[in-house]
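Remarks on the structure that follows.
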Amino acid sequence: MNRPLDKASLLDGLTTRLFGRKLFVFAEIDSTNACARALADIGNPIGTVVIADHQTAGRGRLGRRWEAEPRTNVLLSVLLGSGAEFPIWRWTYLLSEATVRAVQQSTGLSVETKWPNDLLIDGKKCCGILLETAGTVDKPFCLGGIGLNVNQSRFAGDLEDRATSLRLATGVEHDRKQIFQALMDSIEDLYDRASQDGGRSMLESWTQRCITFGRPVIVRGAGMNLEGTAVGLSDDGGLVVRHGARSTTVYAGDVTISDPTS
């Protein structure tokens, strides 16, 4: 069932007006985010999507490689707004919430989020999101990369205990076209709503799903080694960690929940 992605098929039945209407499909590419950045530089509009069957240099947060089997997953990047609609940092949470809704609609699975960009099924990561900003001071823009494990059947090394896919979680293969179209619908619906309320209702929904808040956490990296309790988001999207009588806002680094069994 691991058929290659096809542009005409992906567009057939797509009901959005913006997201995914301009679509670039590759059998193999180095990075969909790198391609999307180049497309933005020459004036392609918001909602433009780059999707690939395989990435040779896919990236996650903190410069990590994103590993995925060819023809099994949804690996895409989408051109996003300039920050005029709502603060740019809220795009990470919008894409996360949209992906959760698309997965639940398509599979019936229960999906949780973990700050800042992970989607979890039964405690294992099934999706990561990478937000990047680019452009100039006068014409900024951002783009979002989504890597969703759909039909991958195994993970190598220590990923076996930490990662999962929709197929592994349900025992059946899933139609990547259907998931792509559900994802575009979800992004556009949340974008329309967020353009009206600044993303507040979307952020409330995301926050309710997030398993990080109220839990003891360890934050490492970015020059930080911090232990405390994650208490919520700051006004600019950082993770507020209370430690003793103080609070620190974290914007980058590895966040581990230190009571995973509770």
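For the structure tokens, the naming scheme is as follows: chains receive sequential letters (A, B, ...) according to their order of presentation, residues are indexed from 1 within each chain, and ligands are indexed from 1 in presentation order.
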Legend entry - Surrounding residues of stretch 94-100 of chain A excluding itself and chain neighbours under 6 positions, 6 Å, only C-alpha atoms, as a PyMOL selection string: chain A and resi 183+186-187+206
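Across the structure, atom CA of A:Gly147 and atom CA of A:Gln208 are spaced 22.3 Å apart.
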Please identify which residues in stretch 71-152 of chain A DSSP calls strand (DSSP E) from the backbone, and express them as a PDB file with C-alpha atoms, in the first residue's frame.
```
ATOM      1  CA  VAL A  74       3.469  12.479   5.799  1.00  0.00           C
ATOM      2  CA  LEU A  75       6.483  14.771   5.519  1.00  0.00           C
ATOM      3  CA  LEU A  76       5.597  18.300   4.520  1.00  0.00           C
ATOM      4  CA  SER A  77       6.263  21.986   4.975  1.00  0.00           C
ATOM      5  CA  VAL A  78       3.749  24.794   4.655  1.00  0.00           C
ATOM      6  CA  LEU A  79       4.271  28.504   4.118  1.00  0.00           C
ATOM      7  CA  GLU A 112      -1.652  14.169  23.500  1.00  0.00           C
ATOM      8  CA  THR A 113       0.819  17.014  23.092  1.00  0.00           C
ATOM      9  CA  LYS A 114       4.118  17.690  24.849  1.00  0.00           C
ATOM     10  CA  ASP A 118       5.643  16.675  20.061  1.00  0.00           C
ATOM     11  CA  LEU A 119       2.501  14.621  19.487  1.00  0.00           C
ATOM     12  CA  LEU A 120       2.202  11.441  21.542  1.00  0.00           C
ATOM     13  CA  ILE A 121       0.166   8.258  21.311  1.00  0.00           C
ATOM     14  CA  LYS A 124       5.333   7.557  22.313  1.00  0.00           C
ATOM     15  CA  LYS A 125       6.127  10.264  19.789  1.00  0.00           C
ATOM     16  CA  CYS A 126       4.264  10.049  16.489  1.00  0.00           C
ATOM     17  CA  CYS A 127       4.837  13.552  15.128  1.00  0.00           C
ATOM     18  CA  GLY A 128       7.188  16.508  15.395  1.00  0.00           C
ATOM     19  CA  ILE A 129       6.772  20.080  14.204  1.00  0.00           C
ATOM     20  CA  LEU A 130       9.543  22.510  13.293  1.00  0.00           C
ATOM     21  CA  LEU A 131       8.738  26.217  12.968  1.00  0.00           C
ATOM     22  CA  GLU A 132      11.261  28.480  11.243  1.00  0.00           C
ATOM     23  CA  THR A 133      11.211  32.202  10.583  1.00  0.00           C
ATOM     24  CA  ALA A 134      12.800  33.824   7.555  1.00  0.00           C
ATOM     25  CA  GLY A 135      12.533  36.812   5.251  1.00  0.00           C
ATOM     26  CA  PRO A 140       9.126  38.442   7.614  1.00  0.00           C
ATOM     27  CA  PHE A 141       7.441  35.095   7.161  1.00  0.00           C
ATOM     28  CA  CYS A 142       7.497  31.705   8.776  1.00  0.00           C
ATOM     29  CA  LEU A 143       7.177  28.134   7.613  1.00  0.00           C
ATOM     30  CA  GLY A 144       6.263  24.983   9.445  1.00  0.00           C
ATOM     31  CA  GLY A 145       7.535  21.475   8.907  1.00  0.00           C
ATOM     32  CA  ILE A 146       5.394  18.509   9.965  1.00  0.00           C
ATOM     33  CA  GLY A 147       6.713  14.972  10.201  1.00  0.00           C
ATOM     34  CA  LEU A 148       3.888  12.534  10.968  1.00  0.00           C
TER      35      LEU A 148
END
```
Inset, instruction - Would you return as a ChimeraX atom specification the members of stretch 131-224 of chain A that DSSP assigns to alpha helix (DSSP H) on this structure's backbone? - result: /A:166-170,176-197,200-209
Write a file of the selected residues as a tab-separated table (two decimals), in the first residue's frame, keeping N, CA and C atoms.
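The new file again09.tsv reads:
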```
chain	number	residue	atom	x	y	z
A	166	LEU	N	0.93	5.72	13.27
A	166	LEU	CA	-0.51	5.43	13.27
A	166	LEU	C	-0.76	3.95	12.98
A	167	ARG	N	0.05	3.38	12.13
A	167	ARG	CA	-0.09	1.96	11.81
A	167	ARG	C	0.20	1.09	13.03
A	168	LEU	N	1.29	1.39	13.74
A	168	LEU	CA	1.63	0.60	14.91
A	168	LEU	C	0.57	0.75	16.00
A	169	ALA	N	-0.02	1.93	16.10
A	169	ALA	CA	-1.01	2.18	17.15
A	169	ALA	C	-2.36	1.54	16.85
A	170	THR	N	-2.67	1.35	15.57
A	170	THR	CA	-3.99	0.83	15.20
A	170	THR	C	-3.95	-0.58	14.64
A	176	ARG	N	-2.51	7.98	3.15
A	176	ARG	CA	-1.81	9.24	3.36
A	176	ARG	C	-2.52	10.41	2.69
A	177	LYS	N	-3.20	10.15	1.58
A	177	LYS	CA	-3.97	11.22	0.94
A	177	LYS	C	-5.07	11.71	1.88
A	178	GLN	N	-5.79	10.80	2.49
A	178	GLN	CA	-6.89	11.19	3.37
A	178	GLN	C	-6.35	11.99	4.56
A	179	ILE	N	-5.22	11.56	5.10
A	179	ILE	CA	-4.64	12.27	6.23
A	179	ILE	C	-4.14	13.64	5.81
A	180	PHE	N	-3.51	13.73	4.64
A	180	PHE	CA	-3.06	15.03	4.12
A	180	PHE	C	-4.23	16.00	3.99
A	181	GLN	N	-5.32	15.55	3.39
A	181	GLN	CA	-6.46	16.43	3.19
A	181	GLN	C	-7.12	16.82	4.51
A	182	ALA	N	-7.20	15.89	5.45
A	182	ALA	CA	-7.74	16.22	6.78
A	182	ALA	C	-6.85	17.25	7.47
A	183	LEU	N	-5.54	17.13	7.28
A	183	LEU	CA	-4.61	18.07	7.89
A	183	LEU	C	-4.77	19.46	7.29
A	184	MET	N	-4.89	19.55	5.98
A	184	MET	CA	-5.08	20.86	5.33
A	184	MET	C	-6.39	21.51	5.81
A	185	ASP	N	-7.44	20.70	5.91
A	185	ASP	CA	-8.72	21.22	6.40
A	185	ASP	C	-8.58	21.76	7.82
A	186	SER	N	-7.88	21.02	8.68
A	186	SER	CA	-7.74	21.44	10.07
A	186	SER	C	-6.91	22.71	10.19
A	187	ILE	N	-5.81	22.79	9.42
A	187	ILE	CA	-4.99	24.00	9.48
A	187	ILE	C	-5.79	25.21	9.02
A	188	GLU	N	-6.53	25.05	7.93
A	188	GLU	CA	-7.28	26.20	7.42
A	188	GLU	C	-8.39	26.63	8.38
A	189	ASP	N	-9.08	25.66	8.97
A	189	ASP	CA	-10.14	25.99	9.92
A	189	ASP	C	-9.57	26.75	11.12
A	190	LEU	N	-8.47	26.25	11.68
A	190	LEU	CA	-7.88	26.92	12.84
A	190	LEU	C	-7.28	28.27	12.46
A	191	TYR	N	-6.73	28.38	11.26
A	191	TYR	CA	-6.19	29.66	10.78
A	191	TYR	C	-7.31	30.70	10.67
A	192	ASP	N	-8.43	30.30	10.12
A	192	ASP	CA	-9.56	31.23	9.99
A	192	ASP	C	-10.03	31.70	11.36
A	193	ARG	N	-10.12	30.77	12.30
A	193	ARG	CA	-10.56	31.13	13.65
A	193	ARG	C	-9.52	32.02	14.34
A	194	ALA	N	-8.25	31.65	14.18
A	194	ALA	CA	-7.19	32.41	14.84
A	194	ALA	C	-7.05	33.81	14.26
A	195	SER	N	-7.38	33.98	13.00
A	195	SER	CA	-7.33	35.31	12.40
A	195	SER	C	-8.37	36.23	13.01
A	196	GLN	N	-9.40	35.64	13.61
A	196	GLN	CA	-10.45	36.43	14.24
A	196	GLN	C	-10.15	36.71	15.71
A	197	ASP	N	-9.58	35.73	16.43
A	197	ASP	CA	-9.39	35.92	17.88
A	197	ASP	C	-7.93	35.90	18.30
A	200	ARG	N	-6.40	32.65	20.39
A	200	ARG	CA	-6.63	32.36	21.80
A	200	ARG	C	-7.39	31.05	22.00
A	201	SER	N	-8.45	30.82	21.25
A	201	SER	CA	-9.24	29.59	21.45
A	201	SER	C	-8.42	28.37	21.05
A	202	MET	N	-7.64	28.50	19.98
A	202	MET	CA	-6.77	27.39	19.57
A	202	MET	C	-5.77	27.06	20.66
A	203	LEU	N	-5.19	28.10	21.25
A	203	LEU	CA	-4.19	27.91	22.29
A	203	LEU	C	-4.79	27.26	23.53
A	204	GLU	N	-6.04	27.61	23.85
A	204	GLU	CA	-6.72	26.97	24.98
A	204	GLU	C	-6.89	25.48	24.74
A	205	SER	N	-7.27	25.12	23.51
A	205	SER	CA	-7.44	23.70	23.19
A	205	SER	C	-6.12	22.95	23.29
A	206	TRP	N	-5.06	23.56	22.73
A	206	TRP	CA	-3.75	22.92	22.78
A	206	TRP	C	-3.30	22.73	24.23
A	207	THR	N	-3.49	23.76	25.05
A	207	THR	CA	-3.05	23.71	26.43
A	207	THR	C	-3.74	22.59	27.20
A	208	GLN	N	-5.02	22.39	26.92
A	208	GLN	CA	-5.77	21.33	27.60
A	208	GLN	C	-5.24	19.95	27.26
A	209	ARG	N	-4.64	19.79	26.07
A	209	ARG	CA	-4.11	18.48	25.66
A	209	ARG	C	-2.69	18.24	26.19
```
Taking only residues of stretch 43-155 of chain A that have an atom at most 12 Å from an atom of stretch 232-241 of chain A, what is each one's shortest atom pair and its distance in Å to one decimal, using only C-alpha atoms, in chain and number order, as a Markdown table?
```
| residue | atom | partner | partner_atom | distance |
| --- | --- | --- | --- | --- |
| A:Phe86 | CA | A:Asp236 | CA | 11.4 |
| A:Pro87 | CA | A:Asp236 | CA | 8.2 |
| A:Ile88 | CA | A:Asp236 | CA | 9.4 |
| A:Trp89 | CA | A:Gly237 | CA | 6.3 |
| A:Arg90 | CA | A:Gly237 | CA | 7.1 |
| A:Trp91 | CA | A:Gly237 | CA | 10.2 |
| A:Thr92 | CA | A:Gly237 | CA | 9.3 |
| A:Tyr93 | CA | A:Gly237 | CA | 9.0 |
| A:Leu94 | CA | A:Gly237 | CA | 11.9 |
| A:Lys114 | CA | A:Leu239 | CA | 10.9 |
| A:Trp115 | CA | A:Leu239 | CA | 7.6 |
| A:Pro116 | CA | A:Leu239 | CA | 8.1 |
| A:Asn117 | CA | A:Gly237 | CA | 11.7 |
```
Output of the above residues as a JSON list (two decimals), in the first residue's frame, restricted to C-alpha atoms:
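Once everything was written out, this is out-v3.json:
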```
[["chain", "number", "residue", "atom", "x", "y", "z"],
["A", 86, "PHE", "CA", -1.44, 36.74, 15.23],
["A", 87, "PRO", "CA", 1.98, 36.31, 16.90],
["A", 88, "ILE", "CA", 4.28, 34.08, 14.86],
["A", 89, "TRP", "CA", 5.12, 31.80, 17.80],
["A", 90, "ARG", "CA", 1.48, 30.66, 17.95],
["A", 91, "TRP", "CA", 1.90, 28.89, 14.61],
["A", 92, "THR", "CA", 3.73, 26.01, 16.36],
["A", 93, "TYR", "CA", 0.71, 25.36, 18.54],
["A", 94, "LEU", "CA", -1.75, 25.86, 15.68],
["A", 114, "LYS", "CA", 4.12, 17.69, 24.85],
["A", 115, "TRP", "CA", 5.78, 21.09, 24.93],
["A", 116, "PRO", "CA", 6.77, 22.45, 22.54],
["A", 117, "ASN", "CA", 6.16, 20.40, 19.42]]
```
Legend entry - Spatial neighbours of A:Thr256, max dist 7 Å, only C-alpha atoms, sep filter under 3 positions, as a list in words: Val217, Ile218 and Val219 of chain A
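Counting only C-alpha atoms and comparing A:Lys139, A:Val150, A:Asp175, A:Asp161, the residue that lies closest to A:Asp41 is A:Lys139.
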Inset, instruction - Measure the distance from atom CA of A:Arg246 to atom CA of A:Thr212 in Å and round it to one decimal. - result: 18.5 Å
Legend entry - Which residue of A:Gln104, A:Asn151, A:Ser9, A:Ser110 approaches A:Arg71 most closely, using only C-alpha atoms: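 Comparing A:Gln104, A:Asn151, A:Ser9, A:Ser110 against A:Arg71, the winner is A:Asn151.
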Inset, instruction - Using atom CA of A:Ala68 and atom CA of A:Ser31 as the two end points, give the distance in Å to one decimal. - result: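 Atom-to-atom, atom CA of A:Ala68 to atom CA of A:Ser31, that is 12.2 Å.
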Inset, instruction - May I ask which of the residues A:Ser165, A:Phe213, A:Val49, A:Gly253 is the closest one to A:Asp122, counting only C-alpha atoms? - result: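 Selected residue with least distance to A:Asp122: A:Ser165.
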